[in-house]
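Content type compact mmCIF, C-alpha atoms, from the file model-v3.txt:
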```
# COMPACT_ATOMS: atom_id res chain seq x y z
CA MET I 1 0.00 0.00 0.00
CA MET I 2 1.32 3.42 -0.94
CA THR I 3 1.56 5.89 1.90
CA LYS I 4 0.03 9.29 1.31
CA ILE I 5 2.55 12.12 1.38
CA ASN I 6 1.63 14.67 4.05
CA TYR I 7 1.79 18.26 2.82
CA SER I 8 0.21 19.82 5.89
CA GLY I 9 2.05 22.75 7.41
CA TYR I 10 3.18 24.10 4.05
CA ARG I 11 2.02 27.45 2.72
CA PHE I 12 1.44 26.25 -0.83
CA PRO I 13 -0.98 23.53 -1.92
CA PRO I 14 0.38 20.10 -2.89
CA GLU I 15 -0.22 20.79 -6.59
CA ILE I 16 2.21 23.73 -6.54
CA ILE I 17 4.84 21.76 -4.63
CA GLN I 18 4.51 18.82 -7.01
CA LEU I 19 4.71 21.13 -10.04
CA ALA I 20 7.91 22.72 -8.75
CA ILE I 21 9.51 19.33 -8.10
CA TRP I 22 8.37 18.00 -11.48
CA LEU I 23 9.81 21.01 -13.30
CA TYR I 24 13.12 20.67 -11.49
CA VAL I 25 13.49 16.94 -12.06
CA ARG I 26 11.89 16.49 -15.48
CA PHE I 27 13.65 19.32 -17.27
CA THR I 28 16.85 19.40 -15.16
CA LEU I 29 16.35 23.08 -14.41
CA SER I 30 18.13 25.04 -11.71
CA PHE I 31 16.22 26.09 -8.62
CA ARG I 32 16.28 29.67 -9.88
CA ASP I 33 14.86 28.57 -13.24
CA VAL I 34 11.97 26.89 -11.44
CA GLU I 35 11.49 30.02 -9.34
CA ASN I 36 11.27 32.11 -12.53
CA LEU I 37 8.85 29.72 -14.26
CA LEU I 38 6.55 29.74 -11.25
CA ALA I 39 6.79 33.55 -11.04
CA GLU I 40 5.63 33.76 -14.66
CA ARG I 41 2.52 31.88 -13.56
CA GLY I 42 1.95 34.23 -10.62
CA ILE I 43 3.35 31.93 -7.95
CA LEU I 44 5.92 33.79 -5.86
CA VAL I 45 8.26 31.31 -4.26
CA SER I 46 12.00 31.56 -3.61
CA TYR I 47 14.54 29.19 -5.12
CA GLU I 48 15.50 28.17 -1.58
CA THR I 49 11.95 27.00 -0.95
CA VAL I 50 12.05 24.95 -4.16
CA ARG I 51 15.33 23.41 -2.97
CA ARG I 52 13.77 22.47 0.37
CA TRP I 53 10.76 20.92 -1.37
CA VAL I 54 12.97 18.87 -3.68
CA ASN I 55 15.12 17.65 -0.79
CA HIS I 56 12.14 16.86 1.43
CA PHE I 57 9.50 15.52 -0.98
CA GLY I 58 11.67 14.32 -3.88
CA PRO I 59 12.73 11.01 -2.28
CA LYS I 60 9.17 10.35 -1.08
CA ILE I 61 7.70 10.95 -4.53
CA SER I 62 10.42 8.84 -6.13
CA ALA I 63 9.75 5.94 -3.75
CA ASP I 64 6.02 6.21 -4.45
CA LEU I 65 6.64 6.11 -8.22
CA ARG I 66 8.88 3.06 -7.86
CA LYS I 67 6.18 1.26 -5.85
CA ARG I 68 3.56 2.11 -8.46
CA ALA I 69 5.80 0.92 -11.30
CA GLU I 70 6.52 -2.32 -9.47
CA ALA I 71 2.82 -2.86 -8.78
CA ALA I 72 2.02 -2.26 -12.46
CA TYR I 73 4.78 -4.68 -13.46
CA ASN I 74 3.49 -7.35 -11.09
CA LEU I 75 -0.05 -6.91 -12.40
CA ALA I 76 1.14 -7.18 -16.00
CA SER I 77 3.17 -10.30 -15.29
CA ARG I 78 0.19 -11.95 -13.60
CA ARG I 79 -1.92 -11.21 -16.67
CA GLY I 80 0.78 -12.51 -18.99
CA LEU I 81 1.40 -9.19 -20.71
CA SER I 82 4.68 -8.14 -22.29
CA GLN I 83 7.66 -8.31 -19.97
CA ASP I 84 9.29 -5.23 -21.55
CA ARG I 85 8.43 -2.56 -19.00
CA TRP I 86 10.01 0.82 -18.51
CA ALA I 87 9.74 3.19 -15.56
CA LEU I 88 11.33 6.60 -15.20
CA GLY I 89 13.27 5.99 -18.44
CA LEU I 90 14.94 2.85 -17.08
CA PRO I 91 14.03 -0.76 -17.87
CA LEU I 92 12.58 -2.65 -14.95
CA ALA I 93 14.18 -5.95 -14.09
CA CYS I 94 12.32 -8.81 -15.67
CA ARG I 95 11.65 -11.37 -12.98
CA GLY I 96 11.76 -14.90 -14.25
CA CYS I 97 13.24 -13.86 -17.61
CA ARG I 98 16.41 -15.37 -18.92
CA GLY I 99 19.29 -13.27 -20.04
```
Give the structure from this file in structure tokens form.
Amino acid sequence: MMTKINYSGYRFPPEIIQLAIWLYVRFTLSFRDVENLLAERGILVSYETVRRWVNHFGPKISADLRKRAEAAYNLASRRGLSQDRWALGLPLACRGCRG
């Protein structure tokens, strides 16, 4: 079971925090670049806040994504679907496959 990430106690809603982290990780931007992109959308947040969010929530989100990818892989293998699965741009290990 995936644990829900607790965003309580933060000034910004979870959607903003997740957007900032996604921008930083997906496009390999600097913290200041993320700050500028959010400012263009009317969200005033410092680059230091983005850094704190990435350091605090990044590992939790990553672990959650890995669990979801593994659950999807297990479901596919039980249904006999293709064993070629990719998650986060990396191939997942094929359990029971030779090679």
- Query: What is the atom CA of I:Arg52 to atom CA of I:Asp64 distance in Å?
  - Reply: 18.6 Å
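If all atoms listed in the file are the atoms counted, then among I:Val25, I:Ile16, I:Ala72, I:Leu38 the closest residue to I:Gly58 is I:Val25.
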- Message: When you count only C-alpha atoms, which of these residues is closest to I:Tyr7: I:Ala39, I:Ile61, I:Leu23, I:Leu29?
- Response: I:Ile61
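The gap separating atom CA of I:Tyr73 from atom CA of I:His56 is 27.2 Å, in Å to one decimal.
Here atom CA of I:Ser30 stands at a distance of 17.7 Å from atom CA of I:Pro59.
Among the candidate residues I:Ile5, I:Ile21, I:Ala69, I:Leu37, the one lying nearest to I:Trp53 is I:Ile21, with distances computed using only C-alpha atoms.
Among the candidates I:Arg51, I:Arg66, I:Val34, I:Lys60, the residue lying nearest to I:Asn6 is I:Lys60 (atoms considered: all atoms listed in the file).
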